[in-house]
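S.K.: my_file_27.cif is reproduced in full below (mmCIF, C-alpha atoms).
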```
data_work
loop_
_atom_site.label_atom_id
_atom_site.label_comp_id
_atom_site.auth_asym_id
_atom_site.auth_seq_id
_atom_site.Cartn_x
_atom_site.Cartn_y
_atom_site.Cartn_z
CA MET A 5 115.06 85.68 86.55
CA SER A 6 116.20 86.87 90.01
CA LEU A 7 116.39 83.38 91.48
CA SER A 8 118.90 82.24 88.87
CA GLN A 9 121.14 85.31 89.21
CA GLU A 10 123.93 85.92 91.69
CA PRO A 11 124.04 86.61 94.54
CA ALA A 12 120.53 85.17 94.99
CA PHE A 13 121.29 81.84 93.32
CA SER A 14 124.11 80.90 95.69
CA ALA A 15 122.16 82.08 98.74
CA LEU A 16 119.24 79.85 97.75
CA GLN A 17 121.51 76.85 97.20
CA GLU A 18 123.28 77.25 100.52
CA ASN A 19 120.45 78.22 102.84
CA PHE A 20 117.06 77.21 101.44
CA VAL A 21 115.11 74.15 100.45
CA CYS A 22 113.18 75.39 97.42
CA GLY A 23 109.85 74.39 95.93
CA VAL A 24 107.27 75.76 93.53
CA ARG A 25 103.49 75.78 93.19
CA ASP A 26 101.42 76.83 90.19
CA ILE A 27 98.78 79.42 91.20
CA SER A 28 97.33 80.01 87.73
CA ASN A 29 93.83 78.91 88.73
CA GLU A 30 93.69 80.64 92.10
CA PRO A 31 91.08 83.43 92.27
CA TYR A 32 93.72 85.92 93.44
CA ALA A 33 96.11 85.13 90.56
CA GLY A 34 96.75 87.83 88.00
CA LEU A 35 97.21 87.55 84.26
CA SER A 36 100.38 87.82 82.21
CA GLY A 37 101.84 86.80 78.90
CA ARG A 38 103.16 83.25 78.58
CA HIS A 39 106.84 82.95 77.76
CA GLU A 40 109.32 80.10 77.73
CA THR A 41 112.22 79.76 80.15
CA SER A 42 114.54 80.12 77.14
CA GLY A 43 112.81 83.37 76.09
CA ASN A 44 113.85 86.95 76.72
CA ALA A 45 114.16 88.35 80.24
CA VAL A 46 113.77 92.01 81.17
CA ASN A 47 114.29 93.93 84.38
CA THR A 48 111.49 95.59 86.29
CA THR A 49 111.01 97.13 89.74
CA ASN A 50 110.75 95.42 93.12
CA GLY A 51 107.18 94.43 93.88
CA ALA A 52 105.97 94.58 90.27
CA GLY A 53 103.41 91.93 89.31
CA PRO A 54 102.32 90.97 92.87
CA HIS A 55 99.30 88.95 91.72
CA ASN A 56 101.41 86.78 89.41
CA LEU A 57 104.31 85.87 91.67
CA GLN A 58 104.96 85.53 95.39
CA LEU A 59 108.25 84.54 97.00
CA PHE A 60 107.64 82.89 100.37
CA MET A 61 110.36 82.32 102.97
CA LEU A 62 109.25 79.81 105.57
CA SER A 63 110.52 78.30 108.76
CA ALA A 64 110.93 74.53 108.67
CA ASP A 65 107.44 74.03 110.14
CA GLY A 66 105.76 76.11 107.41
CA THR A 67 105.51 79.39 109.34
CA VAL A 68 105.72 82.43 107.07
CA LEU A 69 108.71 84.65 107.84
CA GLU A 70 108.60 86.76 104.70
CA CYS A 71 106.51 87.01 101.54
CA LEU A 72 107.88 89.14 98.74
CA PRO A 73 105.15 89.97 96.22
CA GLY A 74 106.17 90.15 92.57
CA PHE A 75 109.65 90.54 91.12
CA TRP A 76 112.66 91.45 93.29
CA ASN A 77 116.20 92.43 92.38
CA PRO A 78 118.71 89.63 93.23
CA SER A 79 120.73 91.81 95.64
CA ASP A 80 117.62 93.06 97.42
CA LEU A 81 116.29 89.51 97.57
CA VAL A 82 119.42 88.38 99.41
CA GLU A 83 118.98 91.14 102.00
CA GLU A 84 115.46 89.88 102.63
CA MET A 85 116.77 86.31 102.92
CA LYS A 86 119.13 87.46 105.66
CA PHE A 87 116.27 89.22 107.39
CA ALA A 88 114.15 86.07 107.17
CA GLY A 89 116.98 84.24 108.92
CA GLN A 90 116.84 86.75 111.77
CA LEU A 91 113.09 86.28 112.07
CA ASN A 92 113.59 82.52 112.07
CA GLN A 93 115.89 82.81 115.08
CA VAL A 94 113.15 84.68 116.94
CA TRP A 95 110.57 82.05 115.98
CA LEU A 96 112.78 79.18 117.18
CA ASP A 97 113.95 80.86 120.41
CA PRO A 98 112.63 78.68 123.29
CA HIS A 99 113.18 81.49 125.80
CA LEU A 100 110.65 83.85 124.20
CA SER A 101 106.93 83.73 124.88
CA SER A 102 104.42 83.78 122.02
CA THR A 103 103.55 87.38 122.92
CA GLN A 104 107.19 88.45 122.84
CA LYS A 105 107.74 86.71 119.50
CA THR A 106 104.76 88.53 118.02
CA GLN A 107 105.98 91.88 119.32
CA ASP A 108 109.51 91.27 118.04
CA PHE A 109 108.20 90.24 114.62
CA ARG A 110 106.15 93.40 114.22
CA GLN A 111 108.89 95.69 115.45
CA MET A 112 111.53 94.05 113.28
CA GLN A 113 109.39 94.29 110.14
CA ILE A 114 108.80 98.03 110.56
CA ALA A 115 112.39 98.73 111.61
CA HIS A 116 113.76 96.89 108.59
CA ILE A 117 112.21 99.46 106.25
CA GLN A 118 114.75 102.00 107.49
CA GLU A 119 117.60 99.53 106.91
CA HIS A 120 116.96 99.36 103.17
CA SER A 121 119.59 101.06 101.07
CA PRO A 122 118.71 104.12 98.95
CA GLN A 123 119.36 101.93 95.89
CA MET A 124 116.83 99.35 97.06
CA VAL A 125 114.25 102.06 97.73
CA ARG A 126 114.75 103.44 94.22
CA ARG A 127 114.32 99.96 92.78
CA SER A 128 111.08 99.58 94.76
CA LYS A 129 109.07 102.47 93.31
CA MET A 130 105.62 101.34 92.26
CA GLN A 131 104.97 101.24 88.53
CA GLY A 132 103.08 104.27 87.23
CA PHE A 133 100.14 102.25 85.92
CA ASP A 134 99.85 100.50 89.30
CA GLN A 135 99.82 103.86 91.07
CA LYS A 136 97.07 105.08 88.78
CA TYR A 137 95.06 101.91 89.38
CA GLU A 138 95.28 102.40 93.14
CA ALA A 139 94.33 106.09 92.91
CA GLU A 140 91.38 105.40 90.59
CA HIS A 141 89.99 102.38 92.42
CA ARG A 142 91.03 102.77 96.07
CA LEU A 143 92.01 106.37 96.67
CA ASN A 144 90.40 106.58 100.12
CA THR A 145 91.29 103.10 101.35
CA SER A 146 94.58 101.94 99.83
CA ASP A 147 97.52 101.51 102.20
CA THR A 148 99.85 102.08 99.24
CA ILE A 149 99.10 105.83 99.23
CA ALA A 150 101.22 107.92 101.57
CA ASN A 151 99.55 111.31 100.96
CA ARG A 152 96.05 111.38 99.43
CA ASN A 153 95.99 115.19 99.49
CA MET A 154 98.65 115.27 96.77
CA ILE A 155 96.32 113.51 94.30
CA THR A 156 93.87 115.75 92.42
CA PRO A 157 91.08 114.74 89.98
CA ASN A 158 92.94 116.12 86.95
CA MET A 159 95.82 113.74 87.67
CA LEU A 160 93.46 110.81 87.09
CA ALA A 161 92.30 112.12 83.72
CA PRO A 162 93.89 110.72 80.52
CA GLY A 163 97.45 112.03 80.28
CA GLY A 164 97.48 113.01 83.94
CA LYS A 165 100.63 112.42 85.97
CA LEU A 166 100.69 111.31 89.58
CA PRO A 167 103.42 112.49 92.00
CA GLN A 168 105.73 109.69 93.12
CA GLU A 169 105.80 111.23 96.60
CA ALA A 170 102.11 110.46 97.05
CA PHE A 171 102.83 106.72 97.12
CA LYS A 172 104.76 104.37 99.34
CA THR A 173 107.43 102.20 97.79
CA CYS A 174 106.77 98.47 97.41
CA ASP A 175 109.43 97.51 99.97
CA GLU A 176 107.64 99.70 102.53
CA ILE A 177 104.24 98.26 101.63
CA MET A 178 105.58 94.72 101.92
CA HIS A 179 107.03 95.14 105.42
CA GLU A 180 103.99 97.03 106.72
CA ARG A 181 101.69 94.28 105.51
CA MET A 182 103.96 91.57 106.92
CA ALA A 183 103.97 93.36 110.30
CA SER A 184 100.24 92.64 110.63
CA ARG A 185 100.81 88.93 109.92
CA PRO A 186 103.22 87.77 112.65
CA PHE A 187 104.36 84.17 112.25
CA VAL A 188 101.29 82.95 110.35
CA PRO A 189 101.19 79.31 109.18
CA ILE A 190 101.33 79.15 105.38
CA GLN A 191 97.92 77.44 105.29
CA ARG A 192 96.31 80.52 106.90
CA PHE A 193 98.24 83.23 105.07
CA ASP A 194 95.70 85.51 103.33
CA VAL A 195 97.45 85.75 99.99
CA ALA A 196 94.62 87.59 98.19
CA ALA A 197 94.59 90.51 100.63
CA TYR A 198 98.37 90.56 100.92
CA VAL A 199 99.05 90.95 97.18
CA GLU A 200 96.14 93.29 96.50
CA TYR A 201 97.68 96.38 94.91
CA GLY A 202 98.10 97.53 91.33
CA LYS A 203 96.64 96.12 88.15
CA PRO A 204 95.79 92.39 88.16
CA LYS A 205 97.19 92.17 84.63
CA TYR A 206 100.95 92.61 84.41
CA ASP A 207 102.89 91.83 81.25
CA LYS A 208 106.35 93.02 80.14
CA HIS A 209 105.97 91.30 76.73
CA GLU A 210 109.41 89.73 77.08
CA ASP A 211 109.06 87.44 74.06
CA ALA A 212 107.60 90.17 71.84
CA ARG A 213 110.63 92.44 71.96
CA ASN A 214 112.46 93.77 68.91
CA SER A 215 116.25 93.81 68.78
CA ASP A 216 116.28 97.41 70.07
CA GLY A 217 114.21 96.43 73.10
CA SER A 218 110.94 97.95 71.91
CA VAL A 219 107.72 95.90 71.96
CA ASN A 220 106.38 94.44 68.72
CA LYS A 221 102.72 95.32 69.31
CA GLU A 222 101.31 92.88 66.77
CA MET A 223 103.33 90.02 68.23
CA ALA A 224 102.30 91.06 71.74
CA LYS A 225 98.61 90.99 70.79
CA ALA A 226 98.91 87.45 69.45
CA ALA A 227 100.91 86.12 72.41
CA PRO A 228 99.17 83.55 74.63
CA THR A 229 98.36 84.47 78.22
CA MET A 230 98.56 82.57 81.50
CA GLY A 231 96.95 82.99 84.88
CA ASN A 232 93.41 83.89 85.87
CA GLN A 233 91.56 84.48 82.59
CA ASP A 234 88.69 86.21 84.43
CA VAL A 235 91.06 89.14 85.04
CA LEU A 236 90.94 90.12 81.37
CA ALA A 237 87.14 90.25 81.33
CA GLN A 238 87.10 92.24 84.57
CA GLU A 239 89.65 94.69 83.21
CA ARG A 240 87.66 95.24 80.03
CA MET A 241 84.49 95.80 82.07
CA GLN A 242 86.27 98.42 84.17
CA MET A 243 87.59 100.15 81.05
CA ARG A 244 84.10 100.32 79.53
CA LYS A 245 82.72 101.70 82.79
CA LYS A 246 85.47 104.30 82.93
CA ARG A 247 84.84 105.40 79.33
CA ARG A 248 81.10 105.73 80.00
CA MET A 249 81.75 107.85 83.06
CA GLN A 250 84.12 110.10 81.11
CA MET A 251 81.57 110.49 78.34
CA ASP A 252 78.89 111.35 80.91
CA GLY A 253 81.18 113.91 82.51
CA SER A 254 81.20 112.06 85.82
CA ASN A 255 83.79 112.82 88.44
CA SER A 256 86.57 110.22 88.28
CA ASN A 257 86.55 110.08 92.07
CA ASP A 258 83.26 108.16 91.84
CA MET A 259 85.36 105.12 90.99
CA ASN A 260 87.19 105.21 94.30
CA ASN A 261 86.92 102.09 96.42
CA VAL A 262 85.71 100.04 93.42
CA SER A 263 87.82 96.97 92.83
CA SER A 264 87.38 94.36 90.14
CA TYR A 265 89.51 91.97 92.16
CA PRO A 266 88.09 89.35 94.53
CA THR A 267 88.00 90.21 98.22
CA ASN A 268 89.74 87.81 100.57
CA ASN A 269 87.41 85.73 102.72
CA TYR A 270 89.37 82.52 102.58
CA THR A 271 92.71 80.96 103.38
CA HIS A 272 95.26 79.42 101.08
CA GLY A 273 97.89 76.76 101.02
CA TYR A 274 101.43 77.02 99.72
CA THR A 275 101.54 79.64 97.02
CA THR A 276 104.17 80.66 94.57
CA THR A 277 103.74 81.39 90.88
CA SER A 278 102.32 80.37 87.55
CA THR A 279 105.78 80.71 86.02
CA GLY A 280 108.00 78.81 88.43
CA ASN A 281 109.04 80.48 91.68
CA ALA A 282 110.46 79.26 94.98
CA GLN A 283 108.54 78.27 98.09
CA ASN A 284 111.32 78.25 100.63
CA SER A 285 112.10 76.62 103.94
CA VAL A 286 114.59 78.57 106.02
CA ARG A 287 117.59 76.95 107.59
CA ASN A 288 120.05 78.94 109.70
CA TYR A 289 121.13 81.83 107.51
#
```
For the structure just supplied, provide its representation as structure tokens.

M.R.:
Amino acid sequence: MSLSQEPAFSALQENFVCGVRDISNEPYAGLSGRHETSGNAVNTTNGAGPHNLQLFMLSADGTVLECLPGFWNPSDLVEEMKFAGQLNQVWLDPHLSSTQKTQDFRQMQIAHIQEHSPQMVRRSKMQGFDQKYEAEHRLNTSDTIANRNMITPNMLAPGGKLPQEAFKTCDEIMHERMASRPFVPIQRFDVAAYVEYGKPKYDKHEDARNSDGSVNKEMAKAAPTMGNQDVLAQERMQMRKKRRMQMDGSNSNDMNNVSSYPTNNYTHGYTTTSTGNAQNSVRNY
């Protein structure tokens, strides 16, 4: 959706060589509903659905400059394209040593967080169900949580509400994670660890929407899915475990640090999406 909208569409045409790779069978891939390119499209927040979609921006030699996990607003995507161009200039500068390039990359990634507009930050708030997933499964270890002391056990109970201020925004998470991966070749980019936040299953039910925008639940249930089918079984297993613990009166914090998602002990090649996303090669932006 974002790639075909202005101003992103023109920026891609003018400054990128685009490609796509299907990641449906990768162990780190998430699960979502299948919908046609001619189907409905709905907006969501920056960074939503990180397991299902990754937008890579590469130098001409395949070095990763940026990787945007999940969906991104077209205007915000263009800002990150410009930033990737700046990083590309550093990477290609013959006067800089490898050490200096690494230092510049890390500093630029962290500094760019402060350059994001208030509008982009608002569009980058993590989805509520993703926040709850992080708090339930990785409260003591997740780098997506800014203040663990703000999260109490009752907030993780059914109907509980988590404070937005306890979590980082997805644009902040993205740049912090990129800062620890300075100029990595695409073949060695640890996609699984990089996209590991939120629920592995992400579905907006685009093609099961009524005319008023609400979701037709029966149609949604019958809709085919795409991606890593093991995710559904893992999610159901976690739900059964959670219900048993609630029935036993166990403390919900016992589930901290438990993840149903594969850990990353391997490297990956070019990675994009199971729905058609761009693997990009940066020219001078």

S.K.: For the file shown, report as number ranges by chain the outcome of the PyMOL selection byres ((chain A and resi 197-202) around 10) at residue level.

M.R.: A: 32-34, 51-58, 71-74, 130-139, 141-142, 146-148, 174, 177-178, 181-182, 185, 193-196, 203-206, 263, 265-270

S.K.: Show me the residues around (114.8, 83.9, 115.3) - criterion: an atom at most 12 Å away, only C-alpha atoms counted - as a PyMOL selection string.

M.R.: chain A and resi 62-63+67+69+86-100+104-106+108-109+112+187+286-289

S.K.: For C-alpha atoms, I'd like the residues from the last selection saved as an mmCIF file, keeping the file's coordinate frame.

M.R.:
```cif
data_model
loop_
_atom_site.group_PDB
_atom_site.id
_atom_site.type_symbol
_atom_site.label_atom_id
_atom_site.label_comp_id
_atom_site.auth_asym_id
_atom_site.auth_seq_id
_atom_site.Cartn_x
_atom_site.Cartn_y
_atom_site.Cartn_z
ATOM 1 C CA LEU A 62 109.250 79.810 105.570
ATOM 2 C CA SER A 63 110.520 78.300 108.760
ATOM 3 C CA THR A 67 105.510 79.390 109.340
ATOM 4 C CA LEU A 69 108.710 84.650 107.840
ATOM 5 C CA LYS A 86 119.130 87.460 105.660
ATOM 6 C CA PHE A 87 116.270 89.220 107.390
ATOM 7 C CA ALA A 88 114.150 86.070 107.170
ATOM 8 C CA GLY A 89 116.980 84.240 108.920
ATOM 9 C CA GLN A 90 116.840 86.750 111.770
ATOM 10 C CA LEU A 91 113.090 86.280 112.070
ATOM 11 C CA ASN A 92 113.590 82.520 112.070
ATOM 12 C CA GLN A 93 115.890 82.810 115.080
ATOM 13 C CA VAL A 94 113.150 84.680 116.940
ATOM 14 C CA TRP A 95 110.570 82.050 115.980
ATOM 15 C CA LEU A 96 112.780 79.180 117.180
ATOM 16 C CA ASP A 97 113.950 80.860 120.410
ATOM 17 C CA PRO A 98 112.630 78.680 123.290
ATOM 18 C CA HIS A 99 113.180 81.490 125.800
ATOM 19 C CA LEU A 100 110.650 83.850 124.200
ATOM 20 C CA GLN A 104 107.190 88.450 122.840
ATOM 21 C CA LYS A 105 107.740 86.710 119.500
ATOM 22 C CA THR A 106 104.760 88.530 118.020
ATOM 23 C CA ASP A 108 109.510 91.270 118.040
ATOM 24 C CA PHE A 109 108.200 90.240 114.620
ATOM 25 C CA MET A 112 111.530 94.050 113.280
ATOM 26 C CA PHE A 187 104.360 84.170 112.250
ATOM 27 C CA VAL A 286 114.590 78.570 106.020
ATOM 28 C CA ARG A 287 117.590 76.950 107.590
ATOM 29 C CA ASN A 288 120.050 78.940 109.700
ATOM 30 C CA TYR A 289 121.130 81.830 107.510
#
```

S.K.: Which value, in Å to one decimal, gives the distance between CA of Asp175 in chain A and CA of Met61 in chain A?

M.R.: 15.5 Å

S.K.: For CA of Asn29 in chain A and CA of Asp65 in chain A, quote the distance in Å rounded to one decimal.

M.R.: 25.8 Å

S.K.: Considering all atoms listed in the file, return as a list of chain:residue names whatever protein or nucleic-acid residues lie within 12 Å of Glu119 in chain A, sequence-local ones (same chain, fewer than 4 positions apart) excluded.

M.R.: A:Asp80, A:Glu83, A:Glu84, A:Phe87, A:Met112, A:Gln113, A:Ile114, A:Ala115, A:Gln123, A:Met124, A:Val125, A:Asp175, A:Glu176, A:His179
